[in-house]
Each structure stands twice: as structure tokens, then as C-alpha cells.
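Participant: Before I ask anything, let me first share the structure, which is written out below as C-alpha cells.
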Amino acid sequence: MTTRPHLLDALREQVLLCDGGMGSRVQLLDLEVERDYWGQENCTEILNLSRPELVREIHRGYFEAGADMVETNSFGGTPITLGEFGLADRAREINRTAAHLAREAAESFSDGRHRYVVGSIGPGTKLPSLGNIDYDTLEAG
């Protein structure tokens, strides 16, 4: 087994293909709000806990399609955004699980190709530019 080059070194050498969007991929599935989202409709990050096998397989699918790297399922993983679902106190757990699932998918291949996992963090649902939240609160969150 060869050592995987640091991501920045790999990017200096070649163009790396990143996965498609996790949220849009999840929307294609027939999921139930109560069972799969634990009652938290549109909280894709909860799937890291409720349906880890599904998240892992989505990552695997992107790798199988030729992606060199996948983004963690943590786009809305800030305590502020997760707080809208009553999950602010579980942000660390949800995000760590997201990283582990993506890494497990990457390491499930044994063909010698280097695969990377990059953290995903979106802008959230509250933006200072729109007056939804002030900068200090956003930074502290």
C-alpha cells in the first residue's frame, strides 16, 4: 500500500475530480421523514446517524464513477443550522460521523488509486448580509 500524497501536493500535479452534490443525490432517494430523518425533514446531516450505510454508499458511488475526492455530508453541519432542528448540541458528533463515513468509503477500495475526503461546510441558513444574524454570533456558533 502506498502513502497517499497530501491533497495540496496532488492538486499541484493534476486536476482532481470532486463528487457531485450530496443533497441533490439524497433527494433522488425515497426516504421517509420519520424513519430516515428522525422527524427532521430536510436535515440531510441527520442521515449520518440514522442511515450511515446510505451516506457511505453515496460516497462509494461517486468514487466508483471516477471522483478523486468526496465532500463530507456536513454542508449544514454548523451548530446554528443544526439548531433549527434541535440538534445544535450534536453538531460535533454529526460532523465527525460524516468524516468517518466518507473516509470509510474511500478506504473500501483496494485498487491503489488515491482517494480524498474534504470537509463540506455551507453558508448555512442565516446570513449577516441578509440581516438574519450578526457576524459575532455567526463566528461564535
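Every chain in the C-alpha cells has a letter given in the order shown (A, B, ...), and although residue numbers restart at 1 in each chain, ligands are simply numbered from 1 in the order shown.
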Please build the interface table for range 48-73 of chain A against range 101-122 of chain A with a cut-off of 9 Å, listing for each qualifying residue the nearest atom pair and the distance in Å to one decimal; count only C-alpha atoms, order rows by chain and increasing number, and write it as JSON lines.
Facilitator:
```
{"residue": "A:Asn48", "atom": "CA", "partner": "A:Leu101", "partner_atom": "CA", "distance": 7.7}
{"residue": "A:Pro52", "atom": "CA", "partner": "A:Leu101", "partner_atom": "CA", "distance": 7.0}
{"residue": "A:Glu53", "atom": "CA", "partner": "A:Leu101", "partner_atom": "CA", "distance": 8.3}
{"residue": "A:Val55", "atom": "CA", "partner": "A:Leu101", "partner_atom": "CA", "distance": 7.0}
{"residue": "A:Arg56", "atom": "CA", "partner": "A:Leu101", "partner_atom": "CA", "distance": 5.3}
{"residue": "A:Glu57", "atom": "CA", "partner": "A:Ala105", "partner_atom": "CA", "distance": 7.2}
{"residue": "A:Ile58", "atom": "CA", "partner": "A:Ala105", "partner_atom": "CA", "distance": 8.8}
{"residue": "A:His59", "atom": "CA", "partner": "A:Ala105", "partner_atom": "CA", "distance": 6.0}
{"residue": "A:Arg60", "atom": "CA", "partner": "A:Ala105", "partner_atom": "CA", "distance": 5.3}
{"residue": "A:Phe63", "atom": "CA", "partner": "A:Ala106", "partner_atom": "CA", "distance": 7.4}
{"residue": "A:Ala67", "atom": "CA", "partner": "A:Arg115", "partner_atom": "CA", "distance": 8.0}
{"residue": "A:Asp68", "atom": "CA", "partner": "A:Arg115", "partner_atom": "CA", "distance": 5.1}
{"residue": "A:Met69", "atom": "CA", "partner": "A:Tyr116", "partner_atom": "CA", "distance": 4.3}
{"residue": "A:Val70", "atom": "CA", "partner": "A:Val117", "partner_atom": "CA", "distance": 5.1}
{"residue": "A:Glu71", "atom": "CA", "partner": "A:Val118", "partner_atom": "CA", "distance": 4.9}
{"residue": "A:Thr72", "atom": "CA", "partner": "A:Gly119", "partner_atom": "CA", "distance": 5.1}
{"residue": "A:Asn73", "atom": "CA", "partner": "A:Ser120", "partner_atom": "CA", "distance": 6.8}
```
Participant: How would the residues just picked look written out with N, CA, C and O atoms as an mmCIF file, in the first residue's frame?
Facilitator:
```cif
data_model
loop_
_atom_site.group_PDB
_atom_site.id
_atom_site.type_symbol
_atom_site.label_atom_id
_atom_site.label_comp_id
_atom_site.auth_asym_id
_atom_site.auth_seq_id
_atom_site.Cartn_x
_atom_site.Cartn_y
_atom_site.Cartn_z
ATOM 1 N N ASN A 48 -26.320 10.933 8.585
ATOM 2 C CA ASN A 48 -25.049 10.380 9.055
ATOM 3 C C ASN A 48 -25.271 9.460 10.241
ATOM 4 O O ASN A 48 -24.550 8.469 10.407
ATOM 5 N N PRO A 52 -26.288 5.658 8.165
ATOM 6 C CA PRO A 52 -24.879 5.743 7.786
ATOM 7 C C PRO A 52 -24.521 4.907 6.564
ATOM 8 O O PRO A 52 -23.692 5.320 5.743
ATOM 9 N N GLU A 53 -25.178 3.757 6.409
ATOM 10 C CA GLU A 53 -24.883 2.909 5.252
ATOM 11 C C GLU A 53 -25.257 3.598 3.950
ATOM 12 O O GLU A 53 -24.560 3.465 2.939
ATOM 13 N N VAL A 55 -25.304 6.952 3.411
ATOM 14 C CA VAL A 55 -24.328 8.022 3.181
ATOM 15 C C VAL A 55 -23.021 7.431 2.647
ATOM 16 O O VAL A 55 -22.447 7.924 1.672
ATOM 17 N N ARG A 56 -22.568 6.357 3.271
ATOM 18 C CA ARG A 56 -21.331 5.690 2.840
ATOM 19 C C ARG A 56 -21.456 5.219 1.385
ATOM 20 O O ARG A 56 -20.535 5.372 0.587
ATOM 21 N N GLU A 57 -22.601 4.649 1.034
ATOM 22 C CA GLU A 57 -22.800 4.141 -0.328
ATOM 23 C C GLU A 57 -22.893 5.264 -1.358
ATOM 24 O O GLU A 57 -22.474 5.086 -2.502
ATOM 25 N N ILE A 58 -23.432 6.397 -0.977
ATOM 26 C CA ILE A 58 -23.437 7.545 -1.897
ATOM 27 C C ILE A 58 -21.998 7.956 -2.192
ATOM 28 O O ILE A 58 -21.620 8.174 -3.347
ATOM 29 N N HIS A 59 -21.172 8.040 -1.145
ATOM 30 C CA HIS A 59 -19.755 8.357 -1.359
ATOM 31 C C HIS A 59 -19.096 7.313 -2.253
ATOM 32 O O HIS A 59 -18.366 7.651 -3.187
ATOM 33 N N ARG A 60 -19.335 6.045 -1.962
ATOM 34 C CA ARG A 60 -18.755 4.967 -2.779
ATOM 35 C C ARG A 60 -19.175 5.112 -4.242
ATOM 36 O O ARG A 60 -18.379 4.907 -5.150
ATOM 37 N N PHE A 63 -17.077 7.682 -5.913
ATOM 38 C CA PHE A 63 -15.743 7.155 -6.173
ATOM 39 C C PHE A 63 -15.776 6.164 -7.333
ATOM 40 O O PHE A 63 -14.912 6.183 -8.204
ATOM 41 N N ALA A 67 -14.718 9.867 -9.202
ATOM 42 C CA ALA A 67 -14.302 11.004 -8.374
ATOM 43 C C ALA A 67 -13.005 10.665 -7.634
ATOM 44 O O ALA A 67 -12.802 9.534 -7.206
ATOM 45 N N ASP A 68 -12.146 11.657 -7.508
ATOM 46 C CA ASP A 68 -10.913 11.516 -6.734
ATOM 47 C C ASP A 68 -11.139 11.895 -5.278
ATOM 48 O O ASP A 68 -10.376 11.499 -4.407
ATOM 49 N N MET A 69 -12.170 12.689 -5.028
ATOM 50 C CA MET A 69 -12.464 13.127 -3.670
ATOM 51 C C MET A 69 -13.967 13.328 -3.505
ATOM 52 O O MET A 69 -14.678 13.560 -4.477
ATOM 53 N N VAL A 70 -14.398 13.182 -2.259
ATOM 54 C CA VAL A 70 -15.796 13.443 -1.921
ATOM 55 C C VAL A 70 -15.841 14.442 -0.784
ATOM 56 O O VAL A 70 -14.914 14.535 0.011
ATOM 57 N N GLU A 71 -16.936 15.173 -0.740
ATOM 58 C CA GLU A 71 -17.168 16.097 0.366
ATOM 59 C C GLU A 71 -17.980 15.384 1.439
ATOM 60 O O GLU A 71 -18.873 14.602 1.127
ATOM 61 N N THR A 72 -17.665 15.673 2.677
ATOM 62 C CA THR A 72 -18.415 15.081 3.775
ATOM 63 C C THR A 72 -19.867 15.544 3.731
ATOM 64 O O THR A 72 -20.184 16.610 3.201
ATOM 65 N N ASN A 73 -20.742 14.737 4.291
ATOM 66 C CA ASN A 73 -22.160 15.093 4.376
ATOM 67 C C ASN A 73 -22.372 16.013 5.577
ATOM 68 O O ASN A 73 -22.956 15.634 6.583
#
```
Participant: For range 86-88 of chain A, list every protein, DNA or RNA residue within 12 Å, evaluated using only C-alpha atoms, and leave out those in the same chain fewer than 3 positions away; present the list as a list in words.
Facilitator: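 Result of the neighbour search: Trp38, Gly39, Gln40, Cys43, Glu45, Ile46, Leu49, Gly76, Gly77, Thr78, Pro79, Ile80, Thr81, Leu82, Gly83, Ala91, Arg92, Glu93, Ile94, Asn95 and Gly141 of chain A.
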Participant: From the options A:Leu54, A:Val15, A:Ala99, A:Ala10, which residue's atoms come nearest to Leu29 in chain A, counting only C-alpha atoms?
Facilitator: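 Counting only C-alpha atoms, the residue closest to Leu29 in chain A is A:Leu54.
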Participant: Apply DSSP to the structure's backbone, then extract all residues of chain A labelled strand (DSSP E or B) and return them as number ranges by chain.
Facilitator: A: 18, 69-71, 116-118
Participant: Hey, can you check how far CA of Arg51 in chain A sits from CA of Arg35 in chain A?
Facilitator: 9.4 Å
Participant: Report as JSON, numbers by chain: the residues of chain A with a DSSP assignment of helix (DSSP H, G or I), based on the backbone of this structure.
Facilitator: {"A": [7, 8, 9, 10, 11, 12, 13, 22, 23, 24, 25, 26, 27, 33, 34, 35, 36, 44, 45, 46, 47, 48, 49, 50, 52, 53, 54, 55, 56, 57, 58, 59, 60, 61, 62, 63, 64, 79, 80, 81, 82, 83, 88, 89, 90, 91, 92, 93, 94, 95, 96, 97, 98, 99, 100, 101, 102, 103, 104, 105, 106, 107, 128, 129, 130, 135, 136, 137, 138, 139, 140]}
Participant: Give me, please, the distance in Å between CA of Gln27 in chain A and CA of Glu41 in chain A, quoted to one decimal.
Facilitator: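 These two atoms are separated by 11.4 Å.
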Participant: Which residue is closest to Thr97 in chain A? Choose from A:Ser74, A:Ala140, A:His6, A:Gly131 and count only C-alpha atoms.
Facilitator: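 Once distances to Thr97 in chain A are computed over only C-alpha atoms, the minimum belongs to A:Ser74.
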Participant: Mind giving me the straight-line distance from CA of Val33 in chain A to CA of Cys18 in chain A in Å, one decimal?
Facilitator: 28.6 Å
